[in-house]
$ cat target-v4.cif   # mmCIF, C-alpha atoms
data_data
loop_
_atom_site.group_PDB
_atom_site.id
_atom_site.type_symbol
_atom_site.label_atom_id
_atom_site.label_comp_id
_atom_site.auth_asym_id
_atom_site.auth_seq_id
_atom_site.Cartn_x
_atom_site.Cartn_y
_atom_site.Cartn_z
ATOM 1 C CA MET U 1 -4.481 -4.148 31.930
ATOM 2 C CA LYS U 2 -5.271 -0.648 30.662
ATOM 3 C CA ASN U 3 -1.550 0.260 30.678
ATOM 4 C CA LEU U 4 -0.761 -2.888 28.688
ATOM 5 C CA LEU U 5 -3.310 -1.934 26.017
ATOM 6 C CA VAL U 6 -1.871 1.580 25.783
ATOM 7 C CA LEU U 7 1.649 0.151 25.433
ATOM 8 C CA ILE U 8 0.526 -2.265 22.703
ATOM 9 C CA PHE U 9 -1.184 0.608 20.874
ATOM 10 C CA ILE U 10 1.965 2.785 21.068
ATOM 11 C CA ILE U 11 4.176 -0.045 19.806
ATOM 12 C CA PHE U 12 1.777 -0.763 16.933
ATOM 13 C CA ALA U 13 1.507 2.936 16.047
ATOM 14 C CA CYS U 14 5.286 3.338 15.970
ATOM 15 C CA TYR U 15 5.754 0.187 13.914
ATOM 16 C CA SER U 16 3.101 1.148 11.355
ATOM 17 C CA CYS U 17 4.624 4.619 10.893
ATOM 18 C CA GLN U 18 8.064 3.319 10.019
ATOM 19 C CA GLU U 19 9.381 4.251 6.620
ATOM 20 C CA THR U 20 9.642 1.389 4.142
ATOM 21 C CA THR U 21 13.038 0.135 3.140
ATOM 22 C CA GLN U 22 14.504 -0.001 -0.332
ATOM 23 C CA THR U 23 12.709 -2.557 -2.524
ATOM 24 C CA LYS U 24 14.012 -4.047 -5.755
ATOM 25 C CA PHE U 25 11.521 -4.751 -8.550
ATOM 26 C CA GLU U 26 12.547 -7.144 -11.319
ATOM 27 C CA ILE U 27 10.284 -8.792 -13.913
ATOM 28 C CA ASP U 28 10.948 -9.861 -17.529
ATOM 29 C CA GLY U 29 14.353 -8.149 -17.663
ATOM 30 C CA VAL U 30 12.951 -4.844 -16.375
ATOM 31 C CA SER U 31 14.266 -3.687 -13.015
ATOM 32 C CA LEU U 32 14.359 -0.689 -10.729
ATOM 33 C CA VAL U 33 14.716 0.060 -7.054
ATOM 34 C CA SER U 34 12.055 1.791 -4.993
ATOM 35 C CA PRO U 35 13.955 3.945 -2.479
ATOM 36 C CA LYS U 36 13.468 4.199 1.262
ATOM 37 C CA GLY U 37 10.297 6.155 1.960
ATOM 38 C CA TRP U 38 8.666 5.119 -1.323
ATOM 39 C CA LYS U 39 6.385 2.121 -1.611
ATOM 40 C CA ILE U 40 5.283 -0.150 -4.431
ATOM 41 C CA THR U 41 1.524 0.285 -4.149
ATOM 42 C CA ASP U 42 0.272 -1.705 -7.126
ATOM 43 C CA GLU U 43 1.548 -4.130 -9.705
ATOM 44 C CA GLU U 44 -0.240 -6.207 -12.260
ATOM 45 C CA ASN U 45 0.648 -8.690 -14.957
ATOM 46 C CA LEU U 46 -1.408 -7.636 -17.980
ATOM 47 C CA ASP U 47 -2.333 -11.154 -19.157
ATOM 48 C CA ASP U 48 1.309 -11.769 -20.139
ATOM 49 C CA GLN U 49 0.955 -8.954 -22.702
ATOM 50 C CA GLY U 50 2.737 -6.426 -20.515
ATOM 51 C CA TYR U 51 3.051 -5.149 -16.978
ATOM 52 C CA TYR U 52 1.987 -2.270 -14.722
ATOM 53 C CA LEU U 53 3.787 -0.991 -11.594
ATOM 54 C CA SER U 54 2.957 1.935 -9.310
ATOM 55 C CA ILE U 55 5.264 3.495 -6.701
ATOM 56 C CA GLU U 56 4.229 6.272 -4.312
ATOM 57 C CA LYS U 57 6.077 8.426 -1.824
ATOM 58 C CA GLU U 58 4.889 7.577 1.670
ATOM 59 C CA GLY U 59 3.436 10.063 4.101
ATOM 60 C CA LEU U 60 0.145 11.797 4.744
ATOM 61 C CA ASN U 61 0.934 14.882 2.667
ATOM 62 C CA SER U 62 3.091 13.199 0.031
ATOM 63 C CA SER U 63 2.286 13.478 -3.640
ATOM 64 C CA GLY U 64 5.113 11.685 -5.474
ATOM 65 C CA LEU U 65 3.795 9.063 -7.889
ATOM 66 C CA ILE U 66 5.530 7.091 -10.598
ATOM 67 C CA THR U 67 3.992 4.378 -12.730
ATOM 68 C CA LEU U 68 5.776 2.111 -15.150
ATOM 69 C CA SER U 69 3.878 0.196 -17.784
ATOM 70 C CA TRP U 70 4.901 -1.735 -20.829
ATOM 71 C CA ILE U 71 3.515 -3.822 -23.624
ATOM 72 C CA ASN U 72 5.504 -6.829 -24.862
ATOM 73 C CA SER U 73 5.580 -5.563 -28.450
ATOM 74 C CA GLU U 74 6.540 -2.418 -30.296
ATOM 75 C CA LEU U 75 3.508 -0.191 -30.671
ATOM 76 C CA ASP U 76 3.583 3.027 -32.637
ATOM 77 C CA LEU U 77 4.656 5.652 -30.066
ATOM 78 C CA ASN U 78 2.107 8.182 -31.313
ATOM 79 C CA ASP U 79 -0.663 5.630 -30.745
ATOM 80 C CA TRP U 80 0.760 4.823 -27.278
ATOM 81 C CA ILE U 81 0.871 8.544 -26.405
ATOM 82 C CA ASN U 82 -2.713 9.068 -27.583
ATOM 83 C CA ILE U 83 -3.923 6.055 -25.592
ATOM 84 C CA HIS U 84 -2.399 7.536 -22.431
ATOM 85 C CA LYS U 85 -3.790 11.020 -23.091
ATOM 86 C CA ASP U 86 -7.277 9.637 -23.763
ATOM 87 C CA GLU U 87 -7.151 7.463 -20.633
ATOM 88 C CA MET U 88 -6.217 10.463 -18.510
ATOM 89 C CA LYS U 89 -8.883 12.708 -20.084
ATOM 90 C CA ASN U 90 -11.532 10.060 -19.382
ATOM 91 C CA ASN U 91 -10.311 9.171 -15.883
ATOM 92 C CA ILE U 92 -12.621 10.357 -13.104
ATOM 93 C CA VAL U 93 -9.644 11.726 -11.135
ATOM 94 C CA TYR U 94 -8.643 14.074 -13.977
ATOM 95 C CA GLU U 95 -12.090 14.760 -15.463
ATOM 96 C CA ASN U 96 -12.713 18.110 -13.775
ATOM 97 C CA ALA U 97 -9.152 18.889 -12.755
ATOM 98 C CA ASN U 98 -8.105 21.269 -15.552
ATOM 99 C CA LEU U 99 -5.771 18.716 -17.184
ATOM 100 C CA ILE U 100 -3.498 20.443 -19.698
ATOM 101 C CA PHE U 101 -0.940 18.647 -21.870
ATOM 102 C CA GLY U 102 2.153 20.324 -23.284
ATOM 103 C CA GLU U 103 3.795 19.533 -26.593
ATOM 104 C CA GLU U 104 5.661 16.299 -27.238
ATOM 105 C CA SER U 105 9.423 16.635 -27.023
ATOM 106 C CA LYS U 106 12.572 14.536 -27.197
ATOM 107 C CA ASN U 107 13.908 13.709 -23.768
ATOM 108 C CA LYS U 108 15.876 11.181 -21.718
ATOM 109 C CA PHE U 109 14.993 8.827 -18.891
ATOM 110 C CA ASN U 110 18.174 7.471 -17.383
ATOM 111 C CA ASP U 111 20.266 6.818 -20.525
ATOM 112 C CA LEU U 112 17.285 6.032 -22.767
ATOM 113 C CA ASN U 113 16.037 8.375 -25.479
ATOM 114 C CA THR U 114 12.345 9.080 -24.978
ATOM 115 C CA THR U 115 9.489 11.072 -26.377
ATOM 116 C CA SER U 116 7.861 12.865 -23.478
ATOM 117 C CA ILE U 117 4.853 14.964 -22.762
ATOM 118 C CA LYS U 118 4.439 17.233 -19.748
ATOM 119 C CA PHE U 119 1.108 18.005 -18.131
ATOM 120 C CA THR U 120 -0.434 20.077 -15.369
ATOM 121 C CA VAL U 121 -3.521 19.312 -13.321
ATOM 122 C CA SER U 122 -5.250 20.653 -10.229
ATOM 123 C CA LEU U 123 -6.193 17.898 -7.783
ATOM 124 C CA LEU U 124 -8.280 18.909 -4.765
ATOM 125 C CA GLY U 125 -7.250 22.504 -5.427
ATOM 126 C CA LEU U 126 -3.548 21.648 -5.392
ATOM 127 C CA LYS U 127 -1.483 22.249 -8.541
ATOM 128 C CA HIS U 128 0.384 19.186 -9.827
ATOM 129 C CA GLU U 129 2.909 18.738 -12.624
ATOM 130 C CA GLY U 130 3.862 15.603 -14.402
ATOM 131 C CA ILE U 131 5.683 14.064 -17.303
ATOM 132 C CA ILE U 132 5.180 10.855 -19.220
ATOM 133 C CA HIS U 133 8.131 9.266 -21.037
ATOM 134 C CA PHE U 134 7.463 6.928 -23.968
ATOM 135 C CA PHE U 135 10.036 4.675 -25.640
ATOM 136 C CA HIS U 136 10.860 1.299 -27.153
ATOM 137 C CA GLU U 137 13.480 -0.976 -25.634
ATOM 138 C CA LYS U 138 14.160 -4.706 -26.075
ATOM 139 C CA GLU U 139 11.020 -5.181 -28.233
ATOM 140 C CA LYS U 140 8.781 -3.623 -25.589
ATOM 141 C CA THR U 141 6.880 -0.319 -25.588
ATOM 142 C CA PHE U 142 7.205 1.582 -22.313
ATOM 143 C CA SER U 143 5.581 4.499 -20.568
ATOM 144 C CA ILE U 144 6.867 6.046 -17.368
ATOM 145 C CA PHE U 145 4.436 8.421 -15.708
ATOM 146 C CA MET U 146 5.649 10.806 -12.989
ATOM 147 C CA GLN U 147 3.411 13.242 -11.095
ATOM 148 C CA GLU U 148 3.756 15.445 -8.018
ATOM 149 C CA ALA U 149 2.312 18.488 -6.313
ATOM 150 C CA ILE U 150 4.333 21.545 -7.223
ATOM 151 C CA GLU U 151 4.878 22.274 -3.523
ATOM 152 C CA ASP U 152 6.463 18.812 -3.072
ATOM 153 C CA LYS U 153 9.059 19.038 -5.849
ATOM 154 C CA VAL U 154 11.995 19.407 -3.453
ATOM 155 C CA LYS U 155 10.793 16.511 -1.242
ATOM 156 C CA ASN U 156 10.299 14.199 -4.252
ATOM 157 C CA LYS U 157 13.427 15.063 -6.248
ATOM 158 C CA ASP U 158 15.812 12.530 -4.680
ATOM 159 C CA GLY U 159 13.291 9.687 -4.871
ATOM 160 C CA PHE U 160 12.463 10.307 -8.532
ATOM 161 C CA GLU U 161 16.176 10.545 -9.394
ATOM 162 C CA PHE U 162 16.963 7.356 -7.453
ATOM 163 C CA ILE U 163 14.259 5.394 -9.282
ATOM 164 C CA GLU U 164 15.366 6.785 -12.656
ATOM 165 C CA LYS U 165 19.046 5.937 -12.102
ATOM 166 C CA SER U 166 18.181 2.394 -11.007
ATOM 167 C CA PHE U 167 15.928 1.673 -13.999
ATOM 168 C CA LYS U 168 17.245 -0.986 -16.403
ATOM 169 C CA VAL U 169 15.921 -3.051 -19.287
ATOM 170 C CA GLU U 170 18.039 -6.109 -20.093
#

$ encode --input "target-v4.cif" --output "C-alpha coordinates"
Amino acid sequence: MKNLLVLIFIIFACYSCQETTQTKFEIDGVSLVSPKGWKITDEENLDDQGYYLSIEKEGLNSSGLITLSWINSELDLNDWINIHKDEMKNNIVYENANLIFGEESKNKFNDLNTTSIKFTVSLLGLKHEGIIHFFHEKEKTFSIFMQEAIEDKVKNKDGFEFIEKSFKVE
(Lines of atoms letter the chains of each structure in order from A and count residues from 1; the text may use other names and numbers.)
(Lines give C-alpha, C1' and ligand atoms only; values in the text may rest on other atoms or scores of the structure.)
Protein backbone atom coordinates (compact mmCIF):
# COMPACT_ATOMS: atom_id res chain seq x y z
CA MET A 1 0.00 0.00 0.00
CA LYS A 2 2.85 2.36 0.89
CA ASN A 3 4.46 1.79 -2.54
CA LEU A 4 1.15 2.58 -4.24
CA LEU A 5 0.89 5.90 -2.38
CA VAL A 6 4.46 6.81 -3.35
CA LEU A 7 3.72 5.96 -6.99
CA ILE A 8 0.54 8.06 -6.97
CA PHE A 9 2.47 10.96 -5.43
CA ILE A 10 5.22 10.72 -8.10
CA ILE A 11 2.67 10.60 -10.92
CA PHE A 12 0.80 13.60 -9.49
CA ALA A 13 4.04 15.54 -8.96
CA CYS A 14 5.16 14.91 -12.54
CA TYR A 15 1.76 15.82 -13.95
CA SER A 16 1.51 19.06 -11.97
CA CYS A 17 5.00 20.16 -13.08
CA GLN A 18 4.24 19.85 -16.77
CA GLU A 19 4.56 23.00 -18.80
CA THR A 20 1.29 24.43 -20.09
CA THR A 21 0.54 24.27 -23.76
CA GLN A 22 -0.14 27.15 -26.10
CA THR A 23 -3.46 28.85 -25.31
CA LYS A 24 -5.41 31.16 -27.61
CA PHE A 25 -7.26 34.11 -26.06
CA GLU A 26 -10.00 35.78 -28.09
CA ILE A 27 -12.65 38.22 -26.84
CA ASP A 28 -14.42 41.14 -28.57
CA GLY A 29 -12.14 41.02 -31.63
CA VAL A 30 -8.97 41.07 -29.51
CA SER A 31 -6.79 37.98 -29.72
CA LEU A 32 -3.37 36.69 -28.80
CA VAL A 33 -1.69 33.39 -28.07
CA SER A 34 -0.07 32.55 -24.75
CA PRO A 35 2.97 30.41 -25.61
CA LYS A 36 4.02 27.09 -24.13
CA GLY A 37 5.41 27.69 -20.65
CA TRP A 38 3.30 30.82 -20.10
CA LYS A 39 -0.07 30.72 -18.40
CA ILE A 40 -3.14 32.94 -18.40
CA THR A 41 -3.41 33.62 -14.67
CA ASP A 42 -6.28 36.10 -14.53
CA GLU A 43 -8.95 37.53 -16.76
CA GLU A 44 -11.91 39.71 -16.00
CA ASN A 45 -14.75 41.32 -17.90
CA LEU A 46 -14.90 44.89 -16.59
CA ASP A 47 -18.71 45.18 -16.49
CA ASP A 48 -18.80 45.13 -20.31
CA GLN A 49 -16.83 48.41 -20.27
CA GLY A 50 -13.54 46.70 -21.06
CA TYR A 51 -11.40 43.70 -20.25
CA TYR A 52 -8.33 42.65 -18.25
CA LEU A 53 -5.99 39.71 -18.97
CA SER A 54 -2.82 38.60 -17.18
CA ILE A 55 -0.24 36.11 -18.49
CA GLU A 56 2.77 34.90 -16.50
CA LYS A 57 5.79 32.80 -17.32
CA GLU A 58 5.60 29.55 -15.37
CA GLY A 59 8.26 28.31 -13.01
CA LEU A 60 9.41 28.93 -9.46
CA ASN A 61 11.98 31.58 -10.35
CA SER A 62 10.17 33.08 -13.33
CA SER A 63 9.38 36.76 -13.50
CA GLY A 64 7.80 37.34 -16.92
CA LEU A 65 4.46 39.13 -16.65
CA ILE A 66 2.27 40.72 -19.29
CA THR A 67 -1.13 42.26 -18.75
CA LEU A 68 -3.52 43.48 -21.40
CA SER A 69 -6.36 45.80 -20.54
CA TRP A 70 -8.73 47.87 -22.58
CA ILE A 71 -11.67 50.18 -22.27
CA ASN A 72 -14.43 50.04 -24.90
CA SER A 73 -14.09 53.73 -25.75
CA GLU A 74 -11.36 56.15 -26.74
CA LEU A 75 -9.95 57.80 -23.64
CA ASP A 76 -7.37 60.54 -23.80
CA LEU A 77 -4.03 58.66 -23.79
CA ASN A 78 -2.45 61.10 -21.35
CA ASP A 79 -5.29 60.44 -18.89
CA TRP A 80 -4.92 56.67 -19.45
CA ILE A 81 -1.15 56.90 -18.82
CA ASN A 82 -1.66 58.92 -15.64
CA ILE A 83 -4.28 56.47 -14.36
CA HIS A 84 -1.79 53.61 -14.78
CA LYS A 85 1.07 55.53 -13.16
CA ASP A 86 -1.11 56.52 -10.20
CA GLU A 87 -2.38 52.95 -9.78
CA MET A 88 1.17 51.62 -9.71
CA LYS A 89 2.38 54.32 -7.28
CA ASN A 90 -0.49 53.48 -4.92
CA ASN A 91 -0.23 49.69 -5.28
CA ILE A 92 1.11 47.94 -2.18
CA VAL A 93 3.49 45.85 -4.32
CA TYR A 94 5.22 48.96 -5.71
CA GLU A 95 4.82 51.29 -2.72
CA ASN A 96 8.28 50.81 -1.23
CA ALA A 97 9.99 49.31 -4.25
CA ASN A 98 11.77 52.37 -5.67
CA LEU A 99 9.42 52.66 -8.68
CA ILE A 100 10.90 55.00 -11.28
CA PHE A 101 9.18 55.96 -14.54
CA GLY A 102 11.04 57.08 -17.64
CA GLU A 103 9.81 59.58 -20.19
CA GLU A 104 6.96 58.85 -22.58
CA SER A 105 8.09 57.93 -26.07
CA LYS A 106 6.69 56.80 -29.40
CA ASN A 107 7.01 53.08 -29.88
CA LYS A 108 5.51 50.01 -31.56
CA PHE A 109 3.79 46.89 -30.29
CA ASN A 110 3.51 44.40 -33.11
CA ASP A 111 2.54 46.69 -36.02
CA LEU A 112 0.65 49.21 -33.87
CA ASN A 113 1.96 52.68 -33.08
CA THR A 114 2.01 53.22 -29.33
CA THR A 115 2.98 55.72 -26.71
CA SER A 116 5.07 53.88 -24.14
CA ILE A 117 6.63 54.47 -20.80
CA LYS A 118 9.43 52.40 -19.31
CA PHE A 119 9.89 51.84 -15.59
CA THR A 120 12.22 50.19 -13.11
CA VAL A 121 11.38 48.73 -9.73
CA SER A 122 13.06 46.61 -7.08
CA LEU A 123 10.86 43.74 -5.90
CA LEU A 124 12.13 41.67 -2.97
CA GLY A 125 15.59 43.10 -3.65
CA LEU A 126 15.53 42.01 -7.29
CA LYS A 127 15.74 44.67 -10.02
CA HIS A 128 12.90 44.59 -12.55
CA GLU A 129 12.30 46.52 -15.76
CA GLY A 130 9.08 47.07 -17.56
CA ILE A 131 7.28 48.94 -20.27
CA ILE A 132 3.66 49.92 -20.73
CA HIS A 133 2.30 50.51 -24.24
CA PHE A 134 -0.77 52.72 -24.69
CA PHE A 135 -2.79 53.08 -27.89
CA HIS A 136 -6.20 53.34 -29.53
CA GLU A 137 -7.46 50.70 -31.94
CA LYS A 138 -10.97 49.89 -33.21
CA GLU A 139 -12.58 52.46 -30.84
CA LYS A 140 -10.91 50.92 -27.79
CA THR A 141 -8.15 52.28 -25.53
CA PHE A 142 -5.48 49.70 -24.72
CA SER A 143 -2.62 49.26 -22.32
CA ILE A 144 -0.11 46.44 -22.50
CA PHE A 145 2.06 46.10 -19.42
CA MET A 146 5.23 43.99 -19.54
CA GLN A 147 7.56 43.41 -16.57
CA GLU A 148 10.47 41.09 -15.79
CA ALA A 149 13.48 40.69 -13.56
CA ILE A 150 16.57 41.97 -15.32
CA GLU A 151 18.27 38.61 -14.76
CA ASP A 152 15.42 36.85 -16.62
CA LYS A 153 15.47 38.94 -19.80
CA VAL A 154 17.00 36.17 -21.92
CA LYS A 155 14.55 33.54 -20.58
CA ASN A 156 11.52 35.80 -21.21
CA LYS A 157 12.48 37.22 -24.61
CA ASP A 158 10.94 34.52 -26.82
CA GLY A 159 7.69 34.43 -24.84
CA PHE A 160 7.22 38.20 -24.93
CA GLU A 161 7.98 38.26 -28.68
CA PHE A 162 5.59 35.37 -29.34
CA ILE A 163 2.74 37.10 -27.51
CA GLU A 164 3.45 40.41 -29.27
CA LYS A 165 3.52 38.85 -32.75
CA SER A 166 0.26 37.00 -32.11
CA PHE A 167 -1.61 40.07 -30.85
CA LYS A 168 -4.46 41.27 -33.10
CA VAL A 169 -7.39 43.65 -32.87
CA GLU A 170 -10.06 43.07 -35.52

$ closest_atom_pairs --input "target-v4.cif" --of "stretch 134-153 of chain U" --to "stretch 91-111 of chain U" --cutoff "10 Å" --atoms "all atoms listed in the file" --output "Markdown table"
| residue | atom | partner | partner_atom | distance |
| --- | --- | --- | --- | --- |
| U:Phe134 | CA | U:Phe109 | CA | 9.3 |
| U:Phe135 | CA | U:Phe109 | CA | 9.3 |
| U:Ile144 | CA | U:Phe109 | CA | 8.7 |

$ residues_around --input "target-v4.cif" --residues "stretch 76-79 of chain U" --least-positions-apart "4" --cutoff "9 Å" --atoms "all atoms listed in the file" --output "VMD selection string"
chain U and resid 83 to 84 115 134 to 136 141

$ axis_aligned_box --input "target-v4.cif" --around "stretch 121-140 of chain U" --padding-each-side "8 Å" --output "lines of an AutoDock Vina configuration file"
center_x = 2.9
center_y = 8.7
center_z = -16.5
size_x = 38.4
size_y = 43.7
size_z = 39.5

$ resolve_selection --input "target-v4.cif" --expression "the PyMOL selection byres ((chain U and resi 121-129) around 6)" --output "JSON, numbers by chain"
{"U": [97, 98, 99, 119, 120, 130, 147, 148, 149, 150]}

$ resolve_selection --input "target-v4.cif" --expression "the PyMOL selection byres ((chain U and resi 67) around 6)" --output "number ranges by chain"
U: 53-54, 66, 68, 144-145

$ closest_residue --input "target-v4.cif" --among "U:Asp158, U:Gln49, U:Met88, U:Gly37" --to "U:Ser62" --atoms "all atoms listed in the file"
U:Gly37

$ closest_residue --input "target-v4.cif" --among "U:Val30, U:Phe160, U:Lys89, U:Lys153" --to "U:Ile55" --atoms "only C-alpha atoms"
U:Phe160

$ closest_residue --input "target-v4.cif" --among "U:Asp42, U:Asn72, U:Ile81, U:Met146" --to "U:Gly159" --atoms "all atoms listed in the file"
U:Met146

$ resolve_selection --input "target-v4.cif" --expression "the PyMOL selection byres ((chain U and resi 139) around 10)" --output "ChimeraX atom specification"
/U:71-75,136-138,140-142

$ closest_residue --input "target-v4.cif" --among "U:Lys57, U:Lys157, U:Tyr52, U:Glu151" --to "U:Thr21" --atoms "all atoms listed in the file"
U:Lys57

$ residues_around --input "target-v4.cif" --residues "U:Ile163" --least-positions-apart "5" --cutoff "8 Å" --atoms "all atoms listed in the file" --output "PyMOL selection string"
chain U and resi 32-35

$ write_last_selection --input "target-v4.cif" --atoms "C-alpha atoms" --output "PDB file, in the frame of the given file"
ATOM      1  CA  LEU U  32      14.359  -0.689 -10.729  1.00  0.00           C
ATOM      2  CA  VAL U  33      14.716   0.060  -7.054  1.00  0.00           C
ATOM      3  CA  SER U  34      12.055   1.791  -4.993  1.00  0.00           C
ATOM      4  CA  PRO U  35      13.955   3.945  -2.479  1.00  0.00           C
TER       5      PRO U  35
END

$ decode --input "target-v4.cif" --residues "stretch 90-105 of chain U" --atoms "all heavy atoms" --output "short mmCIF file (atom, residue, chain, number, x, y, z; two decimals), in the first residue's frame"
data_model
loop_
_atom_site.label_atom_id
_atom_site.label_comp_id
_atom_site.auth_asym_id
_atom_site.auth_seq_id
_atom_site.Cartn_x
_atom_site.Cartn_y
_atom_site.Cartn_z
N ASN U 90 0.33 53.74 -6.10
CA ASN U 90 -0.49 53.48 -4.92
C ASN U 90 -0.69 51.99 -4.64
O ASN U 90 -1.38 51.63 -3.69
CB ASN U 90 -1.85 54.17 -5.07
CG ASN U 90 -1.71 55.67 -5.07
OD1 ASN U 90 -0.97 56.23 -4.28
ND2 ASN U 90 -2.40 56.33 -5.99
N ASN U 91 -0.10 51.14 -5.45
CA ASN U 91 -0.23 49.69 -5.28
C ASN U 91 0.74 49.23 -4.20
O ASN U 91 1.92 49.59 -4.22
CB ASN U 91 0.05 48.98 -6.61
CG ASN U 91 -0.18 47.51 -6.54
OD1 ASN U 91 0.46 46.80 -5.77
ND2 ASN U 91 -1.09 47.03 -7.37
N ILE U 92 0.28 48.41 -3.30
CA ILE U 92 1.11 47.94 -2.18
C ILE U 92 2.38 47.23 -2.65
O ILE U 92 3.42 47.32 -2.01
CB ILE U 92 0.28 47.07 -1.21
CG1 ILE U 92 1.04 46.87 0.09
CG2 ILE U 92 -0.08 45.74 -1.85
CD1 ILE U 92 0.21 46.35 1.23
N VAL U 93 2.32 46.56 -3.79
CA VAL U 93 3.49 45.85 -4.32
C VAL U 93 4.60 46.83 -4.68
O VAL U 93 5.78 46.57 -4.46
CB VAL U 93 3.10 45.00 -5.55
CG1 VAL U 93 4.32 44.42 -6.24
CG2 VAL U 93 2.12 43.91 -5.15
N TYR U 94 4.23 48.00 -5.22
CA TYR U 94 5.22 48.96 -5.71
C TYR U 94 5.51 50.09 -4.73
O TYR U 94 6.42 50.88 -4.94
CB TYR U 94 4.75 49.56 -7.04
CG TYR U 94 4.61 48.55 -8.14
CD1 TYR U 94 3.36 48.11 -8.57
CD2 TYR U 94 5.73 48.00 -8.75
CE1 TYR U 94 3.23 47.18 -9.59
CE2 TYR U 94 5.61 47.06 -9.76
CZ TYR U 94 4.37 46.66 -10.16
OH TYR U 94 4.24 45.73 -11.17
N GLU U 95 4.73 50.17 -3.66
CA GLU U 95 4.82 51.29 -2.72
C GLU U 95 6.22 51.60 -2.23
O GLU U 95 6.66 52.74 -2.25
CB GLU U 95 3.92 50.98 -1.51
CG GLU U 95 2.96 52.07 -1.20
CD GLU U 95 2.00 51.64 -0.11
OE1 GLU U 95 2.31 50.73 0.69
OE2 GLU U 95 0.94 52.22 -0.06
N ASN U 96 6.94 50.61 -1.77
CA ASN U 96 8.28 50.81 -1.23
C ASN U 96 9.33 50.11 -2.07
O ASN U 96 10.32 49.59 -1.55
CB ASN U 96 8.33 50.30 0.21
CG ASN U 96 7.41 51.08 1.11
OD1 ASN U 96 7.45 52.30 1.15
ND2 ASN U 96 6.53 50.37 1.81
N ALA U 97 9.11 50.08 -3.37
CA ALA U 97 9.99 49.31 -4.25
C ALA U 97 10.81 50.19 -5.21
O ALA U 97 11.26 49.72 -6.23
CB ALA U 97 9.14 48.32 -5.05
N ASN U 98 10.96 51.46 -4.86
CA ASN U 98 11.77 52.37 -5.67
C ASN U 98 11.31 52.39 -7.14
O ASN U 98 12.11 52.23 -8.06
CB ASN U 98 13.25 52.03 -5.57
CG ASN U 98 14.14 53.16 -6.06
OD1 ASN U 98 13.76 54.33 -6.00
ND2 ASN U 98 15.30 52.81 -6.57
N LEU U 99 10.01 52.58 -7.33
CA LEU U 99 9.42 52.66 -8.68
C LEU U 99 9.84 53.95 -9.35
O LEU U 99 9.64 55.04 -8.80
CB LEU U 99 7.89 52.59 -8.57
CG LEU U 99 7.08 52.77 -9.84
CD1 LEU U 99 7.38 51.65 -10.84
CD2 LEU U 99 5.59 52.80 -9.50
N ILE U 100 10.44 53.83 -10.53
CA ILE U 100 10.90 55.00 -11.28
C ILE U 100 10.39 54.88 -12.71
O ILE U 100 10.66 53.88 -13.39
CB ILE U 100 12.44 55.12 -11.28
CG1 ILE U 100 12.95 55.25 -9.84
CG2 ILE U 100 12.89 56.30 -12.14
CD1 ILE U 100 14.46 55.14 -9.71
N PHE U 101 9.67 55.91 -13.16
CA PHE U 101 9.18 55.96 -14.54
C PHE U 101 10.11 56.77 -15.41
O PHE U 101 10.65 57.79 -14.99
CB PHE U 101 7.79 56.62 -14.59
CG PHE U 101 6.70 55.78 -13.99
CD1 PHE U 101 6.20 56.08 -12.74
CD2 PHE U 101 6.18 54.70 -14.69
CE1 PHE U 101 5.19 55.31 -12.18
CE2 PHE U 101 5.17 53.92 -14.14
CZ PHE U 101 4.68 54.23 -12.87
N GLY U 102 10.30 56.32 -16.65
CA GLY U 102 11.04 57.08 -17.64
C GLY U 102 10.11 58.05 -18.35
O GLY U 102 8.95 58.23 -17.96
N GLU U 103 10.61 58.65 -19.39
CA GLU U 103 9.81 59.58 -20.19
C GLU U 103 8.93 58.82 -21.18
O GLU U 103 9.30 57.74 -21.64
CB GLU U 103 10.74 60.53 -20.96
CG GLU U 103 11.58 61.43 -20.07
CD GLU U 103 10.76 62.41 -19.27
OE1 GLU U 103 9.79 62.99 -19.83
OE2 GLU U 103 11.06 62.60 -18.07
N GLU U 104 7.82 59.43 -21.53
CA GLU U 104 6.96 58.85 -22.58
C GLU U 104 7.69 58.93 -23.91
O GLU U 104 8.43 59.88 -24.17
CB GLU U 104 5.65 59.64 -22.67
CG GLU U 104 4.79 59.51 -21.45
CD GLU U 104 3.57 60.43 -21.50
OE1 GLU U 104 3.14 60.82 -22.60
OE2 GLU U 104 3.06 60.75 -20.42
N SER U 105 7.47 57.91 -24.75
CA SER U 105 8.09 57.93 -26.07
C SER U 105 7.18 57.23 -27.07
O SER U 105 6.30 56.45 -26.70
CB SER U 105 9.47 57.25 -26.04
OG SER U 105 9.34 55.90 -25.67
#
